[in-house]
>>> print(open('start25.csv').read())   # CSV, C-alpha atoms and all ligand atoms
chain,number,residue,atom,x,y,z
A,1,MET,CA,0.0,0.0,0.0
A,2,SER,CA,1.2,3.5,-0.8
A,3,SER,CA,2.2,5.7,2.1
A,4,ILE,CA,0.4,8.7,0.5
A,5,LEU,CA,-3.0,8.7,-1.1
A,6,VAL,CA,-3.6,11.3,-3.7
A,7,SER,CA,-6.8,12.2,-5.5
A,8,GLN,CA,-8.0,15.2,-7.5
A,9,GLU,CA,-11.5,16.6,-7.6
A,10,ALA,CA,-12.7,20.0,-8.7
A,11,GLY,CA,-9.2,21.6,-8.7
A,12,VAL,CA,-8.3,20.3,-5.2
A,13,LEU,CA,-5.5,17.8,-4.9
A,14,ALA,CA,-6.2,15.9,-1.8
A,15,VAL,CA,-3.1,14.4,-0.2
A,16,THR,CA,-3.6,11.9,2.7
A,17,LEU,CA,-0.7,10.7,4.8
A,18,ASN,CA,-1.4,7.0,4.9
A,19,ARG,CA,0.6,4.9,7.4
A,20,PRO,CA,-2.3,4.8,10.0
A,21,GLU,CA,-0.8,1.9,12.0
A,22,LYS,CA,2.2,4.2,12.7
A,23,LEU,CA,0.1,7.3,13.2
A,24,ASN,CA,1.3,8.4,9.8
A,25,ALA,CA,4.9,8.8,11.0
A,26,PHE,CA,7.4,9.8,8.3
A,27,ASN,CA,9.8,7.3,6.7
A,28,PRO,CA,11.8,8.1,3.6
A,29,GLU,CA,9.2,6.6,1.3
A,30,MET,CA,6.5,8.8,2.6
A,31,HIS,CA,8.7,11.9,2.2
A,32,GLN,CA,9.4,11.0,-1.4
A,33,GLU,CA,5.8,10.4,-2.2
A,34,LEU,CA,4.7,13.6,-0.5
A,35,ARG,CA,7.4,15.5,-2.5
A,36,ARG,CA,6.1,14.0,-5.8
A,37,ALA,CA,2.5,15.0,-4.9
A,38,LEU,CA,3.6,18.6,-4.0
A,39,GLU,CA,5.6,18.8,-7.3
A,40,ARG,CA,2.5,17.7,-9.2
A,41,ALA,CA,0.4,20.4,-7.3
A,42,ALA,CA,2.9,23.0,-8.3
A,43,ASP,CA,3.2,21.9,-12.0
A,44,GLU,CA,-0.4,21.1,-13.0
A,45,ALA,CA,-2.5,24.1,-13.8
A,46,GLU,CA,-5.7,22.1,-13.0
A,47,VAL,CA,-4.6,21.9,-9.4
A,48,ARG,CA,-5.9,25.0,-7.7
A,49,ALA,CA,-5.3,24.1,-4.1
A,50,VAL,CA,-3.9,21.3,-1.9
A,51,LEU,CA,-5.7,19.7,1.0
A,52,LEU,CA,-3.4,17.8,3.3
A,53,THR,CA,-4.7,15.3,5.9
A,54,GLY,CA,-4.0,12.0,7.6
A,55,ALA,CA,-5.6,8.5,7.4
A,56,GLY,CA,-7.0,7.0,10.6
A,57,ARG,CA,-6.9,8.6,14.1
A,58,ALA,CA,-3.8,10.7,13.7
A,59,PHE,CA,-2.6,13.4,11.4
A,60,CYS,CA,1.1,12.7,11.7
A,61,ALA,CA,3.4,11.5,14.6
A,62,GLY,CA,6.5,13.1,13.1
A,63,GLN,CA,9.5,11.0,12.3
A,64,ASP,CA,9.1,7.2,12.5
A,65,LEU,CA,11.1,6.6,15.7
A,66,ALA,CA,11.4,2.8,14.9
A,67,GLU,CA,13.6,3.6,11.8
A,68,ARG,CA,16.8,4.2,13.8
A,69,ASP,CA,18.9,1.9,15.9
A,70,VAL,CA,19.5,3.8,19.1
A,71,SER,CA,20.7,0.8,21.2
A,72,PRO,CA,23.8,1.3,23.4
A,73,GLY,CA,26.3,-0.2,20.9
A,74,ALA,CA,24.9,1.4,17.8
A,75,ALA,CA,26.8,4.0,15.8
A,76,PRO,CA,25.9,7.7,16.5
A,77,ILE,CA,23.2,8.9,14.2
A,78,ASP,CA,23.5,12.2,12.4
A,79,LEU,CA,20.0,13.5,12.4
A,80,SER,CA,21.0,16.5,10.2
A,81,ALA,CA,21.1,14.1,7.2
A,82,SER,CA,17.4,13.4,7.2
A,83,ILE,CA,16.5,17.0,8.1
A,84,GLY,CA,18.6,18.2,5.2
A,85,SER,CA,17.3,15.7,2.8
A,86,TYR,CA,13.7,15.6,3.8
A,87,TYR,CA,12.2,17.9,6.4
A,88,ASN,CA,13.8,21.2,5.5
A,89,PRO,CA,13.1,20.8,1.8
A,90,LEU,CA,9.5,19.9,2.7
A,91,VAL,CA,9.0,23.0,4.7
A,92,ARG,CA,10.5,25.1,2.0
A,93,ARG,CA,8.4,23.4,-0.7
A,94,LEU,CA,5.2,24.2,1.2
A,95,ARG,CA,6.2,27.8,1.6
A,96,ALA,CA,7.1,28.2,-2.0
A,97,LEU,CA,4.1,26.4,-3.5
A,98,PRO,CA,2.3,29.0,-5.6
A,99,LYS,CA,-1.2,27.7,-4.5
A,100,PRO,CA,-2.9,27.5,-1.2
A,101,ILE,CA,-2.3,24.5,1.0
A,102,VAL,CA,-5.1,23.8,3.5
A,103,CYS,CA,-4.2,21.4,6.3
A,104,ALA,CA,-7.0,19.4,7.8
A,105,VAL,CA,-5.6,18.1,11.1
A,106,ASN,CA,-7.8,15.0,11.7
A,107,GLY,CA,-6.2,13.8,14.9
A,108,VAL,CA,-3.0,14.1,16.9
A,109,ALA,CA,-0.1,16.0,15.2
A,110,ALA,CA,3.2,15.4,17.0
A,111,GLY,CA,6.8,16.4,16.5
A,112,ALA,CA,7.6,17.2,12.9
A,113,GLY,CA,3.9,16.3,12.2
A,114,ALA,CA,2.7,19.3,14.2
A,115,ASN,CA,5.2,21.6,12.5
A,116,LEU,CA,4.2,20.3,9.1
A,117,ALA,CA,0.7,21.5,9.8
A,118,LEU,CA,2.0,24.9,10.9
A,119,ALA,CA,3.9,25.2,7.7
A,120,CYS,CA,0.6,25.0,5.7
A,121,ASP,CA,-1.2,28.2,4.7
A,122,LEU,CA,-4.5,27.5,6.5
A,123,VAL,CA,-4.9,25.0,9.3
A,124,LEU,CA,-8.2,23.5,10.2
A,125,ALA,CA,-8.4,20.9,13.0
A,126,ALA,CA,-11.1,18.5,14.0
A,127,ARG,CA,-12.4,19.2,17.5
A,128,SER,CA,-10.8,15.9,18.7
A,129,ALA,CA,-7.3,16.8,17.2
A,130,SER,CA,-4.3,17.9,19.2
A,131,PHE,CA,-0.9,19.3,18.7
A,132,VAL,CA,2.3,18.1,20.6
A,133,GLN,CA,5.8,19.5,20.4
A,134,SER,CA,7.0,16.1,21.5
A,135,PHE,CA,10.7,16.7,20.7
A,136,SER,CA,11.7,17.5,24.2
A,137,LYS,CA,10.4,14.1,25.4
A,138,ILE,CA,13.1,12.5,23.3
A,139,GLY,CA,15.9,15.0,24.0
A,140,LEU,CA,15.5,16.9,20.7
A,141,VAL,CA,14.9,20.4,19.5
A,142,PRO,CA,11.7,21.4,17.6
A,143,ASP,CA,12.5,21.1,13.9
A,144,SER,CA,10.7,21.4,10.6
A,145,GLY,CA,10.3,25.1,11.3
A,146,GLY,CA,8.8,24.8,14.8
A,147,THR,CA,11.1,27.4,16.3
A,148,PHE,CA,10.3,29.7,13.5
A,149,TYR,CA,6.5,29.3,13.4
A,150,LEU,CA,5.7,28.8,17.1
A,151,PRO,CA,6.8,32.2,18.5
A,152,ARG,CA,5.4,34.0,15.5
A,153,LEU,CA,2.0,32.4,15.9
A,154,VAL,CA,1.5,32.2,19.6
A,155,GLY,CA,4.2,34.5,21.1
A,156,SER,CA,7.4,33.5,22.9
A,157,ALA,CA,5.9,32.5,26.3
A,158,ARG,CA,3.5,30.0,24.8
A,159,ALA,CA,6.1,28.8,22.3
A,160,MET,CA,8.5,28.1,25.1
A,161,GLY,CA,5.9,26.3,27.2
A,162,LEU,CA,4.8,24.1,24.3
A,163,ALA,CA,8.4,23.3,23.4
A,164,LEU,CA,9.8,22.6,26.9
A,165,LEU,CA,6.9,20.7,28.3
A,166,GLY,CA,5.8,18.7,25.1
A,167,GLU,CA,2.2,18.6,26.4
A,168,LYS,CA,-0.8,18.0,24.2
A,169,LEU,CA,-2.5,21.2,23.2
A,170,SER,CA,-6.2,20.7,22.3
A,171,ALA,CA,-7.5,21.9,18.9
A,172,GLU,CA,-9.8,24.4,20.8
A,173,ASP,CA,-6.8,25.9,22.7
A,174,ALA,CA,-4.8,25.9,19.4
A,175,GLU,CA,-7.6,28.0,17.8
A,176,ARG,CA,-7.8,30.3,20.9
A,177,TRP,CA,-4.1,30.8,20.9
A,178,GLY,CA,-3.9,31.6,17.2
A,179,LEU,CA,-1.8,28.6,16.4
A,180,ILE,CA,-4.4,27.5,13.8
A,181,TRP,CA,-7.3,29.1,11.9
A,182,LYS,CA,-10.3,27.1,13.0
A,183,VAL,CA,-11.7,24.1,14.8
A,184,VAL,CA,-14.4,22.2,12.9
A,185,ASP,CA,-16.6,19.4,14.2
A,186,ASP,CA,-15.2,15.9,13.7
A,187,GLU,CA,-16.3,14.3,10.4
A,188,GLY,CA,-18.5,11.9,12.2
A,189,GLY,CA,-20.0,9.6,9.5
A,190,PRO,CA,-19.8,5.8,9.7
A,191,THR,CA,-17.8,5.7,6.5
A,192,LYS,CA,-17.6,2.0,6.3
A,193,GLY,CA,-21.4,1.6,6.7
A,194,TYR,CA,-21.8,4.3,4.0
A,195,GLY,CA,-19.6,2.3,1.6
A,196,LEU,CA,-21.5,-0.9,2.2
A,197,LEU,CA,-24.9,0.8,1.7
A,198,LYS,CA,-23.7,2.2,-1.6
A,199,LYS,CA,-22.8,-1.3,-2.7
A,200,ALA,CA,-26.3,-2.5,-1.8
A,201,LEU,CA,-28.2,0.3,-3.5
A,202,TYR,CA,-26.1,0.2,-6.7
A,203,ALA,CA,-26.5,-3.6,-7.0
A,204,SER,CA,-30.2,-3.3,-6.4
A,205,PRO,CA,-31.5,-2.5,-10.0
A,206,GLY,CA,-29.9,-5.7,-11.4
A,207,ASN,CA,-30.9,-8.0,-8.6
A,208,SER,CA,-34.0,-10.1,-7.9
A,209,LEU,CA,-35.5,-9.8,-4.4
A,210,ASP,CA,-33.9,-13.1,-3.4
A,211,ALA,CA,-30.4,-12.0,-4.5
A,212,GLN,CA,-30.8,-8.6,-2.9
A,213,LEU,CA,-31.9,-10.1,0.4
A,214,ASP,CA,-28.8,-12.3,0.3
A,215,LEU,CA,-26.6,-9.3,-0.4
A,216,GLU,CA,-28.1,-7.3,2.4
A,217,ARG,CA,-27.4,-10.2,4.8
A,218,ASP,CA,-23.8,-10.4,3.7
A,219,LEU,CA,-23.2,-6.6,3.9
A,220,GLN,CA,-24.9,-6.4,7.2
A,221,ARG,CA,-22.7,-9.1,8.5
A,222,GLU,CA,-19.7,-6.9,7.6
A,223,ALA,CA,-21.2,-3.7,9.0
A,224,GLY,CA,-22.0,-5.5,12.2
A,225,PHE,CA,-18.3,-6.2,12.7
A,226,SER,CA,-17.4,-2.5,12.4
A,227,GLU,CA,-16.3,-0.4,15.4
A,228,ASP,CA,-18.9,2.2,14.3
A,229,TYR,CA,-21.7,-0.2,14.7
A,230,ARG,CA,-20.7,-0.8,18.3
A,231,GLU,CA,-20.3,2.9,18.9
A,232,GLY,CA,-23.6,3.7,17.2
A,233,VAL,CA,-25.6,1.3,19.4
A,234,THR,CA,-23.6,2.3,22.6
A,235,ALA,CA,-24.3,6.0,21.9
A,236,PHE,CA,-28.0,5.2,21.3
A,237,LYS,CA,-28.2,3.4,24.7
A,238,GLU,CA,-26.3,6.2,26.4
A,239,LYS,CA,-28.6,8.8,24.7
A,240,ARG,CA,-25.7,10.7,23.2
A,241,GLN,CA,-24.3,11.5,19.7
A,242,PRO,CA,-22.1,8.8,18.3
A,243,LYS,CA,-18.4,9.5,17.6
A,244,PHE,CA,-17.8,7.4,14.5
A,245,LYS,CA,-14.3,6.6,13.3
A,246,GLY,CA,-15.1,5.3,9.9
A,247,ARG,CA,-14.0,1.8,10.6
B,1,LIG,C1,5.0,5.6,16.4
B,1,LIG,C2,5.3,7.0,16.4
B,1,LIG,C3,6.4,7.4,15.8
B,1,LIG,C4,6.9,5.3,15.2
B,1,LIG,C5,3.4,6.7,17.5
B,1,LIG,N1,7.2,6.6,15.2
B,1,LIG,N2,5.8,4.8,15.8
B,1,LIG,C6,13.4,14.7,12.4
B,1,LIG,C7,14.6,14.2,11.9
B,1,LIG,C8,15.3,13.2,12.3
B,1,LIG,C9,15.1,12.5,13.4
B,1,LIG,C10,14.3,12.8,14.5
B,1,LIG,O1,13.1,13.5,14.4
B,1,LIG,C11,12.7,14.4,13.5
B,1,LIG,C12,11.5,15.1,13.8
B,1,LIG,C13,10.5,14.5,14.7
B,1,LIG,O2,9.4,14.3,14.3
B,1,LIG,S1,11.0,14.0,16.3
B,1,LIG,C14,9.5,13.6,17.1
B,1,LIG,C15,9.0,12.2,16.7
B,1,LIG,N3,7.7,12.0,17.2
B,1,LIG,C16,7.5,11.8,18.4
B,1,LIG,O3,8.3,11.8,19.3
B,1,LIG,C17,6.0,11.4,18.8
B,1,LIG,C18,6.0,10.0,19.3
B,1,LIG,N4,4.6,9.6,19.6
B,1,LIG,C19,3.9,10.0,20.6
B,1,LIG,O4,4.3,10.8,21.4
B,1,LIG,C20,2.5,9.5,20.7
B,1,LIG,O5,2.4,8.3,20.0
B,1,LIG,C21,1.4,10.4,20.2
B,1,LIG,C22,1.3,11.7,21.2
B,1,LIG,C23,1.7,10.9,18.8
B,1,LIG,C24,0.1,9.7,20.3
B,1,LIG,O6,-0.1,9.1,21.5
B,1,LIG,P1,-1.2,8.0,21.7
B,1,LIG,O7,-2.5,8.4,21.1
B,1,LIG,O8,-1.2,7.6,23.1
B,1,LIG,O9,-0.8,6.7,20.8
B,1,LIG,P2,0.4,5.7,21.0
B,1,LIG,O10,1.6,6.3,21.7
B,1,LIG,O11,-0.2,4.5,21.7
B,1,LIG,O12,0.8,5.3,19.5
B,1,LIG,C25,0.1,4.3,18.8
B,1,LIG,C26,1.1,3.5,17.9
B,1,LIG,O13,1.8,4.3,17.0
B,1,LIG,C27,2.1,2.8,18.8
B,1,LIG,O14,2.4,1.6,18.2
B,1,LIG,P3,1.8,0.2,18.8
B,1,LIG,O15,2.5,-0.8,17.9
B,1,LIG,O16,2.3,0.2,20.2
B,1,LIG,O17,0.4,0.3,18.6
B,1,LIG,C28,3.3,3.8,18.7
B,1,LIG,O18,4.5,3.2,18.9
B,1,LIG,C29,3.2,4.2,17.2
B,1,LIG,N5,3.8,5.5,17.1
B,1,LIG,N6,4.3,7.6,17.1
B,1,LIG,N7,6.8,8.8,15.8
>>> encode(input="start25.csv", output="structure tokens")
Amino acid sequence: MSSILVSQEAGVLAVTLNRPEKLNAFNPEMHQELRRALERAADEAEVRAVLLTGAGRAFCAGQDLAERDVSPGAAPIDLSASIGSYYNPLVRRLRALPKPIVCAVNGVAAGAGANLALACDLVLAARSASFVQSFSKIGLVPDSGGTFYLPRLVGSARAMGLALLGEKLSAEDAERWGLIWKVVDDEGGPTKGYGLLKKALYASPGNSLDAQLDLERDLQREAGFSEDYREGVTAFKEKRQPKFKGR
């Protein structure tokens, strides 16, 4: 599976970071694919804007920390190499792109993932999203433009607090502090169920009642295994709005 999903509709190039099991942490492949997508956005006249988001429950957890051997006997690692090859060119590419880049932060944005969001032109965040300058937790310095954007966006006191403490900042506080443009409600739909119901309705015209009843049974079986079904029923029983995750 590709580590970036790209689709184009009505002039918008939608780019989705797609390593959800790793909270969309960056590895070299993801950097290279993102670079190609941004080059396409810059080059193609039909692309009028870029929408950057993440698959699953996170936006991006920054560098994939499993990529490097930090065990006691291992050779020292020169982090400036990947910053020079990947992160700094990415921040510069975002700044130079002659089209607006909207970042839709769908979940946690940590480390370089948080600063990737800040390097976009307009940042929207789902109400459940959060921002973490997690670098200090692993003995590092905020990179990917963090020490440039943070004090400019929120002032030096808040920038220093975020960087030193590495605490999660909620999307609502991020909006209040001026770190981002706006919080929007979480997407909310039971995406998997929607996909299954489309299958059923599109198959319907060509099916007999018997065949359609069988199809409904099979699709319902699948829907019943989804997390969203459990959440939907639980929310109903608890008399609250469901929080669907699309899976
Ligand atoms: C991850 C990661 C991750 C791998 C979660 N890597 N697996 C630039 C250049 C060169 C080198 C160094 O760095 C940089 C820039 C940077 O970005 S440095 C900062 C790197 N990022 C971090 O330090 C963030 C680390 N992650 C976290 O603090 C938490 O995972 C956050 C706050 C993002 C989310 O917390 P939770 O919602 O509690 O999720 P979790 O911690 O349980 O993570 C879920 C899974 O994702 C887990 O794997 P598992 O197999 O146990 O389910 C994590 O290991 C994995 N994961 N971040 N960066």
>>> atom_distance(input="start25.csv", atom1="atom N2 of ligand LIG 1 (chain B)", atom2="CA of Gly113 in chain A")
12.2 Å
>>> residues_around(input="start25.csv", residues="Gln133 in chain A", least_positions_apart="3", cutoff="7 Å", atoms="only C-alpha atoms", output="PyMOL selection string")
chain A and resi 110-111+114+142+162-163+166
>>> residues_near_ligand(input="start25.csv", ligand="ligand LIG 1 (chain B)", cutoff="8 Å", atoms="all atoms listed in the file", output="PyMOL selection string")
chain A and resi 21-26+58+60-67+79-83+87+108-113+132-135+137-138+140+142-144+168
>>> atom_distance(input="start25.csv", atom1="CA of Arg127 in chain A", atom2="CA of Tyr229 in chain A")
21.7 Å
>>> residues_around(input="start25.csv", residues="Val154 in chain A", least_positions_apart="2", cutoff="7 Å", atoms="only C-alpha atoms", output="ChimeraX atom specification")
/A:150-152,156,158-159,177-179
>>> residues_around(input="start25.csv", residues="range 205-219 of chain A", least_positions_apart="6", cutoff="12 Å", atoms="all atoms listed in the file", output="PyMOL selection string")
chain A and resi 192-199+225-226
>>> residues_near_point(input="start25.csv", point="(8.5, 11.0, 0.0)", cutoff="12 Å", atoms="all atoms listed in the file", output="number ranges by chain")
A: 2-5, 17-18, 25-39, 82, 85-87, 89-90
>>> atom_distance(input="start25.csv", atom1="CA of Gly107 in chain A", atom2="CA of Asp228 in chain A")
17.2 Å
>>> residues_near_point(input="start25.csv", point="(-24.4, 8.5, 14.2)", cutoff="9 Å", atoms="all atoms listed in the file", output="ChimeraX atom specification")
/A:188-190,228,231-233,235-236,241-244
>>> closest_residue(input="start25.csv", among="A:Arg92, A:Pro100, A:Ala10, A:Val70", to="Val50 in chain A", atoms="only C-alpha atoms")
A:Pro100
>>> closest_residue(input="start25.csv", among="A:Leu51, A:Val6, A:Leu169, A:Val184", to="Cys120 in chain A", atoms="all atoms listed in the file")
A:Leu51
>>> closest_residue(input="start25.csv", among="A:Arg40, A:Glu175, A:Leu52, A:Leu164", to="Ala119 in chain A", atoms="all atoms listed in the file")
A:Leu52
>>> closest_residue(input="start25.csv", among="A:Met160, A:Phe131, A:Ala200, A:Asp186", to="Ala174 in chain A", atoms="all atoms listed in the file")
A:Phe131
